[in-house]
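Asker: If it helps, the file is called start37.cif and holds mmCIF, C-alpha atoms:
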data_run
loop_
_atom_site.label_atom_id
_atom_site.label_comp_id
_atom_site.auth_asym_id
_atom_site.auth_seq_id
_atom_site.Cartn_x
_atom_site.Cartn_y
_atom_site.Cartn_z
CA MET A 1 -51.83 8.10 63.78
CA ALA A 2 -52.63 4.87 65.50
CA ARG A 3 -51.46 2.90 62.46
CA SER A 4 -48.07 4.53 62.22
CA LYS A 5 -47.42 4.04 65.91
CA ARG A 6 -47.92 0.36 65.62
CA SER A 7 -45.45 -0.23 62.78
CA GLN A 8 -41.80 -0.22 63.69
CA PRO A 9 -39.49 2.21 61.94
CA GLU A 10 -37.38 0.27 59.47
CA ILE A 11 -34.45 1.07 57.24
CA ASN A 12 -34.92 -0.38 53.83
CA SER A 13 -32.12 -2.86 53.58
CA SER A 14 -33.05 -4.57 50.36
CA SER A 15 -30.20 -2.85 48.50
CA MET A 16 -27.65 -4.00 51.07
CA ALA A 17 -27.12 -7.20 49.12
CA ASP A 18 -26.47 -5.21 45.97
CA ILE A 19 -23.86 -3.06 47.67
CA ALA A 20 -22.17 -6.11 49.10
CA PHE A 21 -22.27 -7.73 45.68
CA LEU A 22 -20.52 -4.72 44.16
CA LEU A 23 -17.75 -4.93 46.73
CA LEU A 24 -17.52 -8.65 46.22
CA ILE A 25 -17.16 -8.29 42.47
CA PHE A 26 -14.51 -5.62 42.96
CA PHE A 27 -12.43 -7.99 45.08
CA LEU A 28 -13.04 -10.89 42.73
CA VAL A 29 -11.67 -8.86 39.85
CA THR A 30 -8.66 -7.42 41.65
CA THR A 31 -7.68 -10.67 43.35
CA THR A 32 -4.76 -12.60 42.05
CA ILE A 33 -4.56 -15.69 44.14
CA ALA A 34 -0.83 -16.10 44.52
CA ASN A 35 0.35 -19.38 43.12
CA ASP A 36 3.75 -20.16 44.49
CA LYS A 37 4.25 -23.27 42.53
CA GLY A 38 7.11 -24.24 40.34
CA LEU A 39 10.14 -26.36 39.81
CA THR A 40 12.53 -26.07 42.70
CA ILE A 41 16.24 -26.59 42.46
CA GLN A 42 19.15 -25.98 44.75
CA LEU A 43 22.01 -24.05 43.22
CA PRO A 44 25.59 -25.09 43.91
CA PRO A 45 27.69 -22.81 46.13
CA LYS A 46 29.46 -19.88 44.60
CA PRO A 47 32.32 -20.76 42.30
CA GLU A 48 35.06 -19.36 44.56
CA ASP A 49 33.88 -21.36 47.54
CA MET A 50 33.93 -24.64 45.76
CA ASP A 51 37.01 -26.72 46.29
CA ILE A 52 38.18 -27.90 42.97
CA ILE A 53 38.50 -31.60 43.38
CA ASP A 54 38.82 -33.81 40.41
CA ILE A 55 36.17 -36.35 41.04
CA LYS A 56 36.24 -39.09 38.51
CA ILE A 57 32.80 -39.97 37.36
CA LYS A 58 32.44 -43.04 35.30
CA GLU A 59 31.04 -42.38 31.88
CA ARG A 60 28.41 -45.05 32.34
CA ASN A 61 26.92 -43.28 35.35
CA LEU A 62 26.28 -40.09 33.45
CA PHE A 63 23.03 -39.51 31.67
CA LYS A 64 23.66 -36.61 29.37
CA VAL A 65 20.98 -34.31 28.07
CA TYR A 66 22.06 -31.47 25.85
CA VAL A 67 19.88 -28.87 24.20
CA ASN A 68 21.38 -26.62 21.56
CA SER A 69 20.45 -23.08 20.59
CA ALA A 70 17.93 -24.31 18.03
CA ASP A 71 16.15 -26.23 20.82
CA ARG A 72 17.21 -29.57 19.38
CA ILE A 73 17.71 -32.22 22.03
CA LEU A 74 20.52 -34.71 22.32
CA VAL A 75 20.10 -37.50 24.87
CA GLU A 76 23.04 -39.84 25.42
CA GLY A 77 24.39 -38.95 22.00
CA GLU A 78 21.15 -39.52 20.16
CA ILE A 79 18.77 -36.96 18.79
CA LEU A 80 15.48 -37.00 20.60
CA GLU A 81 12.29 -35.81 18.94
CA ASP A 82 9.67 -36.41 21.60
CA ILE A 83 10.41 -34.76 24.93
CA SER A 84 8.14 -37.14 26.84
CA ASP A 85 10.46 -40.06 25.98
CA ILE A 86 13.10 -38.67 28.34
CA ARG A 87 11.28 -39.76 31.45
CA GLN A 88 11.44 -43.48 30.75
CA LYS A 89 15.07 -43.18 29.66
CA VAL A 90 16.01 -41.53 32.94
CA ILE A 91 14.18 -44.18 34.91
CA ASP A 92 15.88 -46.96 32.94
CA HIS A 93 19.23 -45.32 33.52
CA VAL A 94 18.87 -44.75 37.25
CA LEU A 95 17.27 -48.08 38.09
CA ASN A 96 19.77 -50.05 36.02
CA ASN A 97 21.73 -51.27 39.06
CA GLY A 98 24.66 -52.42 36.98
CA ARG A 99 22.81 -54.68 34.58
CA ASP A 100 23.43 -52.78 31.35
CA PRO A 101 27.11 -51.80 31.03
CA GLN A 102 26.10 -48.56 29.31
CA LYS A 103 23.89 -47.39 32.16
CA SER A 104 24.39 -46.51 35.80
CA GLU A 105 25.87 -48.77 38.45
CA SER A 106 23.40 -47.82 41.16
CA PRO A 107 20.86 -45.08 41.83
CA LYS A 108 23.37 -43.47 44.15
CA ASP A 109 26.00 -43.18 41.44
CA ALA A 110 23.65 -42.15 38.67
CA ILE A 111 23.92 -38.54 37.60
CA VAL A 112 21.71 -36.74 35.17
CA SER A 113 23.70 -34.03 33.50
CA TYR A 114 21.60 -31.36 31.87
CA LYS A 115 23.34 -28.87 29.68
CA THR A 116 21.88 -26.09 27.61
CA ASP A 117 23.20 -23.49 25.26
CA ARG A 118 22.98 -19.77 25.92
CA GLY A 119 20.57 -19.60 23.03
CA THR A 120 18.23 -22.32 24.26
CA SER A 121 14.77 -21.03 24.94
CA TYR A 122 13.49 -21.06 28.48
CA GLU A 123 10.34 -22.85 27.40
CA VAL A 124 12.23 -25.96 26.27
CA PHE A 125 14.50 -25.78 29.29
CA ILE A 126 11.52 -25.95 31.63
CA LYS A 127 9.83 -28.72 29.65
CA ILE A 128 12.88 -30.95 29.92
CA LEU A 129 13.65 -30.10 33.53
CA ASP A 130 10.04 -30.96 34.28
CA GLU A 131 10.49 -34.40 32.73
CA LEU A 132 13.81 -35.02 34.48
CA GLN A 133 12.44 -34.12 37.89
CA GLY A 134 9.23 -35.97 37.10
CA ALA A 135 11.19 -39.15 36.41
CA TYR A 136 12.79 -38.91 39.83
CA TYR A 137 9.49 -38.11 41.52
CA ASP A 138 7.97 -41.18 39.84
CA MET A 139 10.74 -43.38 41.20
CA TYR A 140 10.55 -41.90 44.69
CA ALA A 141 6.78 -42.24 44.73
CA GLU A 142 7.00 -45.88 43.79
CA ARG A 143 9.55 -46.59 46.50
CA ALA A 144 7.43 -44.88 49.12
CA GLY A 145 4.24 -46.44 47.83
CA VAL A 146 2.42 -43.19 47.17
CA THR A 147 1.35 -41.37 44.05
CA ASN A 148 3.59 -38.89 42.32
CA LYS A 149 1.43 -36.00 43.50
CA GLN A 150 1.48 -37.19 47.10
CA TRP A 151 5.22 -37.57 46.93
CA ARG A 152 5.68 -33.98 45.83
CA GLU A 153 3.54 -32.84 48.73
CA ILE A 154 5.60 -34.95 51.10
CA ALA A 155 8.84 -33.60 49.67
CA SER A 156 7.66 -30.02 50.14
CA ASP A 157 6.42 -30.50 53.66
CA HIS A 158 7.46 -33.46 55.78
CA LYS A 159 7.20 -32.17 59.30
CA GLU A 160 4.67 -34.75 60.38
CA PRO A 161 6.37 -37.95 61.53
CA GLU A 162 4.38 -40.12 59.14
CA LYS A 163 5.36 -38.03 56.17
CA ALA A 164 8.95 -37.84 57.34
CA LYS A 165 9.04 -41.60 57.46
CA LEU A 166 7.75 -41.93 53.91
CA TYR A 167 10.20 -39.26 52.81
CA ASP A 168 13.09 -41.23 54.26
CA ILE A 169 11.89 -44.46 52.68
CA GLY A 170 11.64 -42.77 49.30
CA ARG A 171 15.13 -41.34 49.47
CA GLY A 172 16.56 -44.49 50.97
CA LEU A 173 17.97 -42.79 54.06
CA LEU A 174 20.47 -44.94 55.93
CA PRO A 175 20.85 -44.69 59.72
CA ASN A 176 24.19 -42.92 59.25
CA GLY A 177 22.52 -40.14 57.29
CA ASP A 178 23.52 -41.20 53.80
CA VAL A 179 20.94 -41.00 51.09
CA THR A 180 21.06 -43.98 48.78
CA PHE A 181 18.68 -42.52 46.25
CA PRO A 182 19.65 -38.89 45.74
CA MET A 183 18.20 -36.72 43.03
CA ASN A 184 21.35 -36.04 41.10
CA ILE A 185 20.33 -33.58 38.45
CA SER A 186 23.25 -31.43 37.54
CA ILE A 187 22.53 -28.32 35.55
CA ALA A 188 25.77 -27.53 33.80
CA GLU A 189 26.84 -24.10 32.73
CA PRO A 190 25.83 -23.48 29.15
CA SER A 191 28.01 -23.41 26.11
CA LYS A 192 28.31 -20.18 24.22
CA ILE A 193 27.56 -21.13 20.66
CA GLY A 194 24.11 -19.70 20.17
CA GLY A 195 24.69 -16.33 21.83
CA ASN A 196 22.11 -14.45 23.82
CA MET B 1 -60.23 -26.99 45.83
CA SER B 2 -60.80 -25.18 49.05
CA LYS B 3 -57.74 -26.90 50.41
CA PHE B 4 -55.52 -25.24 47.84
CA ARG B 5 -57.12 -21.89 48.35
CA LYS B 6 -56.15 -22.00 51.98
CA LYS B 7 -52.54 -22.67 51.11
CA ALA B 8 -52.36 -19.77 48.74
CA LYS B 9 -53.01 -17.41 51.57
CA THR B 10 -49.75 -18.29 53.32
CA LYS B 11 -46.64 -16.31 52.60
CA GLN B 12 -44.77 -17.49 49.52
CA ASP B 13 -41.70 -15.20 49.75
CA ILE B 14 -38.27 -16.60 50.31
CA PRO B 15 -36.78 -14.67 53.21
CA THR B 16 -33.91 -12.64 51.78
CA SER B 17 -32.86 -10.97 54.98
CA ALA B 18 -29.88 -13.30 55.32
CA LEU B 19 -28.66 -12.63 51.79
CA PRO B 20 -26.47 -9.64 52.68
CA ASP B 21 -24.85 -11.69 55.41
CA ILE B 22 -24.01 -14.46 53.00
CA ILE B 23 -22.58 -12.01 50.51
CA PHE B 24 -20.58 -10.31 53.25
CA MET B 25 -19.15 -13.64 54.25
CA LEU B 26 -17.99 -14.23 50.68
CA LEU B 27 -16.66 -10.71 50.62
CA PHE B 28 -14.62 -11.18 53.75
CA PHE B 29 -13.27 -14.45 52.43
CA PHE B 30 -11.96 -12.74 49.35
CA MET B 31 -10.67 -9.77 51.29
CA VAL B 32 -8.68 -12.06 53.54
CA THR B 33 -7.28 -14.27 50.82
CA THR B 34 -6.43 -11.40 48.51
CA VAL B 35 -2.83 -10.41 48.21
CA LEU B 36 -2.90 -7.08 46.47
CA ARG B 37 -0.15 -7.02 43.97
CA GLU B 38 2.38 -4.51 45.16
CA THR B 39 4.42 -4.37 42.01
CA THR B 40 3.35 -3.68 38.48
CA ILE B 41 5.07 -6.04 36.15
CA ASN B 42 6.73 -4.28 33.28
CA VAL B 43 7.89 -7.32 31.39
CA GLN B 44 6.02 -9.82 29.33
CA GLN B 45 5.00 -12.83 31.34
CA ARG B 46 3.93 -15.87 29.41
CA ILE B 47 5.33 -18.44 31.76
CA PRO B 48 5.79 -21.94 30.37
CA GLN B 49 3.69 -24.59 32.07
CA ALA B 50 4.92 -27.68 33.82
CA ILE B 51 3.45 -30.74 35.48
CA GLU B 52 5.73 -31.81 38.30
CA LEU B 53 5.25 -28.77 40.47
CA ARG B 54 6.04 -28.30 44.09
CA LYS B 55 4.50 -25.82 46.44
CA LEU B 56 6.41 -23.35 48.51
CA GLN B 57 5.53 -23.47 52.15
CA ARG B 58 6.33 -20.02 53.44
CA LYS B 59 5.41 -17.11 51.25
CA SER B 60 7.22 -14.61 53.40
CA LEU B 61 10.52 -16.21 52.44
CA VAL B 62 10.00 -15.78 48.73
CA SER B 63 11.35 -12.98 46.57
CA TYR B 64 10.47 -12.60 42.96
CA LEU B 65 12.47 -11.79 39.89
CA TYR B 66 10.60 -11.17 36.68
CA ILE B 67 12.39 -11.74 33.42
CA GLY B 68 11.11 -11.07 29.94
CA LYS B 69 10.76 -8.64 27.11
CA PRO B 70 9.77 -5.17 28.38
CA ILE B 71 6.17 -4.27 27.65
CA LYS B 72 7.16 -0.77 26.56
CA THR B 73 9.53 -1.91 23.84
CA GLU B 74 9.79 1.62 22.38
CA VAL B 75 11.36 2.85 25.62
CA PHE B 76 13.34 -0.10 26.87
CA GLY B 77 14.10 -2.06 23.72
CA ASP B 78 13.07 -5.63 23.12
CA GLU B 79 15.89 -7.51 24.76
CA PRO B 80 14.69 -9.49 27.80
CA LYS B 81 15.26 -7.62 31.04
CA ILE B 82 15.23 -8.45 34.73
CA GLN B 83 12.72 -6.74 36.94
CA ALA B 84 13.04 -6.70 40.69
CA ASN B 85 10.38 -4.93 42.73
CA ASP B 86 9.49 -2.01 40.47
CA VAL B 87 12.66 -1.40 38.53
CA PHE B 88 14.74 -3.02 35.90
CA ILE B 89 18.07 -4.19 37.23
CA ASP B 90 21.26 -5.46 35.69
CA THR B 91 22.68 -8.86 36.44
CA LYS B 92 25.45 -7.21 38.44
CA ASP B 93 22.88 -5.59 40.76
CA ILE B 94 21.44 -8.93 41.79
CA VAL B 95 23.87 -9.46 44.66
CA MET B 96 22.79 -6.14 46.15
CA TRP B 97 19.14 -6.94 45.59
CA VAL B 98 19.52 -10.26 47.39
CA THR B 99 21.16 -8.53 50.34
CA GLN B 100 18.25 -6.12 50.52
CA GLU B 101 15.75 -8.95 50.39
CA LYS B 102 17.62 -10.83 53.08
CA ASP B 103 17.62 -7.78 55.30
CA LYS B 104 13.83 -7.84 55.27
CA LEU B 105 13.80 -11.27 56.89
CA ASP B 106 14.55 -12.35 60.41
CA GLU B 107 18.14 -13.17 61.06
CA VAL B 108 17.50 -16.87 61.55
CA GLU B 109 15.59 -17.17 58.33
CA ARG B 110 17.98 -15.37 56.04
CA ASP B 111 19.54 -18.46 54.56
CA GLN B 112 16.12 -19.82 53.72
CA LEU B 113 15.35 -17.09 51.24
CA THR B 114 13.89 -18.59 48.08
CA VAL B 115 14.13 -16.73 44.83
CA SER B 116 11.25 -17.36 42.49
CA LEU B 117 12.04 -16.71 38.86
CA LYS B 118 9.10 -15.76 36.71
CA VAL B 119 10.46 -15.98 33.24
CA ASP B 120 8.83 -15.41 29.90
CA MET B 121 8.99 -18.42 27.63
CA GLU B 122 10.86 -16.55 24.94
CA ALA B 123 13.76 -15.62 27.18
CA LYS B 124 17.04 -17.32 26.44
CA MET B 125 18.99 -19.49 28.81
CA GLY B 126 22.02 -17.21 28.57
CA LEU B 127 20.34 -14.56 30.68
CA ILE B 128 18.92 -17.10 33.10
CA THR B 129 22.31 -18.66 33.76
CA ASP B 130 23.83 -15.22 34.28
CA VAL B 131 21.18 -14.61 36.91
CA GLN B 132 21.85 -17.98 38.48
CA LEU B 133 25.55 -17.28 38.68
CA GLU B 134 24.87 -14.00 40.47
CA LEU B 135 22.48 -15.72 42.85
CA ARG B 136 25.21 -18.21 43.66
CA ASN B 137 27.56 -15.32 44.30
CA ALA B 138 24.97 -13.77 46.58
CA ASN B 139 24.54 -17.09 48.37
CA ALA B 140 20.83 -17.27 47.62
CA ARG B 141 20.82 -20.83 46.52
CA LYS B 142 17.22 -21.82 46.83
CA LEU B 143 15.70 -21.27 43.46
CA MET B 144 12.33 -21.90 41.97
CA TYR B 145 11.28 -21.64 38.38
CA SER B 146 7.75 -20.50 38.88
CA ALA B 147 5.34 -22.28 36.58
CA PRO B 148 1.61 -22.78 36.37
CA LYS B 149 0.18 -26.25 36.20
CA ARG B 150 -0.30 -27.85 32.83
CA ARG B 151 -3.05 -30.35 32.41
CA ALA B 152 -1.81 -33.66 31.13
CA GLU B 153 -2.71 -34.07 27.48
CA ASN B 154 -3.99 -37.59 27.73
#
Take the structure from the file and write it as structure tokens.

Answerer:
Amino acid sequence: MARSKRSQPEINSSSMADIAFLLLIFFLVTTTIANDKGLTIQLPPKPEDMDIIDIKIKERNLFKVYVNSADRILVEGEILEDISDIRQKVIDHVLNNGRDPQKSESPKDAIVSYKTDRGTSYEVFIKILDELQGAYYDMYAERAGVTNKQWREIASDHKEPEKAKLYDIGRGLLPNGDVTFPMNISIAEPSKIGGN
Amino acid sequence: MSKFRKKAKTKQDIPTSALPDIIFMLLFFFMVTTVLRETTINVQQRIPQAIELRKLQRKSLVSYLYIGKPIKTEVFGDEPKIQANDVFIDTKDIVMWVTQEKDKLDEVERDQLTVSLKVDMEAKMGLITDVQLELRNANARKLMYSAPKRRAEN
């Protein structure tokens, strides 16, 4: 009697950890950590709203990428085998500044025109778009003096004044609001040779 | 020797009373970060990987479209289809779908709606451009091709 009075009544809690573990494992398994990452683009306004103006673009300012329904790539009229070569070609084209008469006059005038076929596979489309945007991110990053990865973070979120400043340097923002280094990637409507 | 004997008498157990607390903390972390998937995806999703990714800032402004071959090919055929929420939709329904998605947002944020396309790698560009055209018609012009990160090969 005396012994039992002295000891405090206790709930055995050694299995508590096990129960918690079970719950934990349940949540671990069911969790899908949402990854909202991807390649962002801005679509042009709807066709009816667009004023049809004939803007003359000089041939030399265009950098044409075309992918056919068999996923074969044509860059500036030449067949391209290795997708990773595109990046340097884009950079050479945009940063030409009028030196080579075949390439762009200035980064502001340079346009990358990306055209696919209806039968092009999405996989190749993404691979090339990735390289095209990557080329621009590389150039922006160099101008702003950051790494490519940092630049992409800045471009996604530049609310802080320091980041906003870097963002403006990268894009070459003039006081009047003009951007001297725009990312001109035009995704043209596809041709209809390959079918769906 | 007697020195060691004395030591052996002291308690050697590691106190485990804090273990449940630690586990609970982990548990709560996962409970808070978990977004339970509200839709079951009925199309194949092998999304091509990319390197130059950008993050979306506000998840509440994102709506998803899933495109790919239906998983139940015997019922729905094996042509790639568009899935929005829980149902398959046609390209012509996209305008209506966008309006519905915009209605869910605050009035000031409606033009910031971002559509995230989750597309199977085998889908063809024809379907994607049809979707894009409809999105332009619906004035939902912020688009993201959702893609997981690929590790650089070299």

Asker: List the neighbours of range 96-112 of chain B out to 8 Å using only C-alpha atoms; skip same-chain residues closer than 5 positions along the sequence, and give me the result as a list of chain:residue names.

Answerer: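 Using only C-alpha atoms, the neighbours found are B:Leu61, B:Ser63, B:Ala84, B:Leu135, B:Ala138, B:Ala140, B:Lys142.
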
Asker: Would you kindly translate the PyMOL selection byres ((chain A) within 7 of (chain B)) into the concrete residues it picks from this file, as a PyMOL selection string?

Answerer: chain A and resi 16-17+20-21+24+27-28+31-33+36-46+117-123+127+130+134+152-153+156+196

Asker: Would you save the residues of that selection, restricted to C-alpha atoms, as an mmCIF file, in the frame of the given file?

Answerer:
data_model
loop_
_atom_site.group_PDB
_atom_site.id
_atom_site.type_symbol
_atom_site.label_atom_id
_atom_site.label_comp_id
_atom_site.auth_asym_id
_atom_site.auth_seq_id
_atom_site.Cartn_x
_atom_site.Cartn_y
_atom_site.Cartn_z
ATOM 1 C CA MET A 16 -27.650 -4.000 51.070
ATOM 2 C CA ALA A 17 -27.120 -7.200 49.120
ATOM 3 C CA ALA A 20 -22.170 -6.110 49.100
ATOM 4 C CA PHE A 21 -22.270 -7.730 45.680
ATOM 5 C CA LEU A 24 -17.520 -8.650 46.220
ATOM 6 C CA PHE A 27 -12.430 -7.990 45.080
ATOM 7 C CA LEU A 28 -13.040 -10.890 42.730
ATOM 8 C CA THR A 31 -7.680 -10.670 43.350
ATOM 9 C CA THR A 32 -4.760 -12.600 42.050
ATOM 10 C CA ILE A 33 -4.560 -15.690 44.140
ATOM 11 C CA ASP A 36 3.750 -20.160 44.490
ATOM 12 C CA LYS A 37 4.250 -23.270 42.530
ATOM 13 C CA GLY A 38 7.110 -24.240 40.340
ATOM 14 C CA LEU A 39 10.140 -26.360 39.810
ATOM 15 C CA THR A 40 12.530 -26.070 42.700
ATOM 16 C CA ILE A 41 16.240 -26.590 42.460
ATOM 17 C CA GLN A 42 19.150 -25.980 44.750
ATOM 18 C CA LEU A 43 22.010 -24.050 43.220
ATOM 19 C CA PRO A 44 25.590 -25.090 43.910
ATOM 20 C CA PRO A 45 27.690 -22.810 46.130
ATOM 21 C CA LYS A 46 29.460 -19.880 44.600
ATOM 22 C CA ASP A 117 23.200 -23.490 25.260
ATOM 23 C CA ARG A 118 22.980 -19.770 25.920
ATOM 24 C CA GLY A 119 20.570 -19.600 23.030
ATOM 25 C CA THR A 120 18.230 -22.320 24.260
ATOM 26 C CA SER A 121 14.770 -21.030 24.940
ATOM 27 C CA TYR A 122 13.490 -21.060 28.480
ATOM 28 C CA GLU A 123 10.340 -22.850 27.400
ATOM 29 C CA LYS A 127 9.830 -28.720 29.650
ATOM 30 C CA ASP A 130 10.040 -30.960 34.280
ATOM 31 C CA GLY A 134 9.230 -35.970 37.100
ATOM 32 C CA ARG A 152 5.680 -33.980 45.830
ATOM 33 C CA GLU A 153 3.540 -32.840 48.730
ATOM 34 C CA SER A 156 7.660 -30.020 50.140
ATOM 35 C CA ASN A 196 22.110 -14.450 23.820
#

Asker: Starting from the PyMOL selection byres ((chain A and resi 136-150) around 12), expand the selection into actual residues of this file and give them as a PyMOL selection string.

Answerer: (chain A and resi 39+86-95+107+110-112+129-135+151-158+162-173+180-185) or (chain B and resi 51-55)

Asker: In Å, how far is it from CA of Glu105 in chain A to CA of Asn61 in chain A?

Answerer: 6.4 Å

Asker: Written as a list in words, which residues does the PyMOL selection byres ((chain B and resi 43) around 6) give for the file shown?

Answerer: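 Applying the PyMOL selection byres ((chain B and resi 43) around 6) to the structure shown produces Ile41, Asn42, Gln44, Gly68, Lys69, Pro70 and Ile71 of chain B.
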
Asker: What is the CA of Val124 in chain A-CA of Asp71 in chain A distance in Å, reported with one decimal?

Answerer: 6.7 Å

Asker: Please report the interatomic distance between CA of Thr30 in chain A and CA of Asn85 in chain B in Å with one decimal.

Answerer: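 Those two atoms sit 19.2 Å apart.
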
Asker: If the box runs along x, y and z of the file and leaves 5 Å on each side of range 45-53 of chain B, what are its centre and edge lengths in Å, one decimal, as JSON?

Answerer:
{"center_x": 4.6, "center_y": -22.3, "center_z": 34.9, "size_x": 12.3, "size_y": 29.0, "size_z": 21.1}
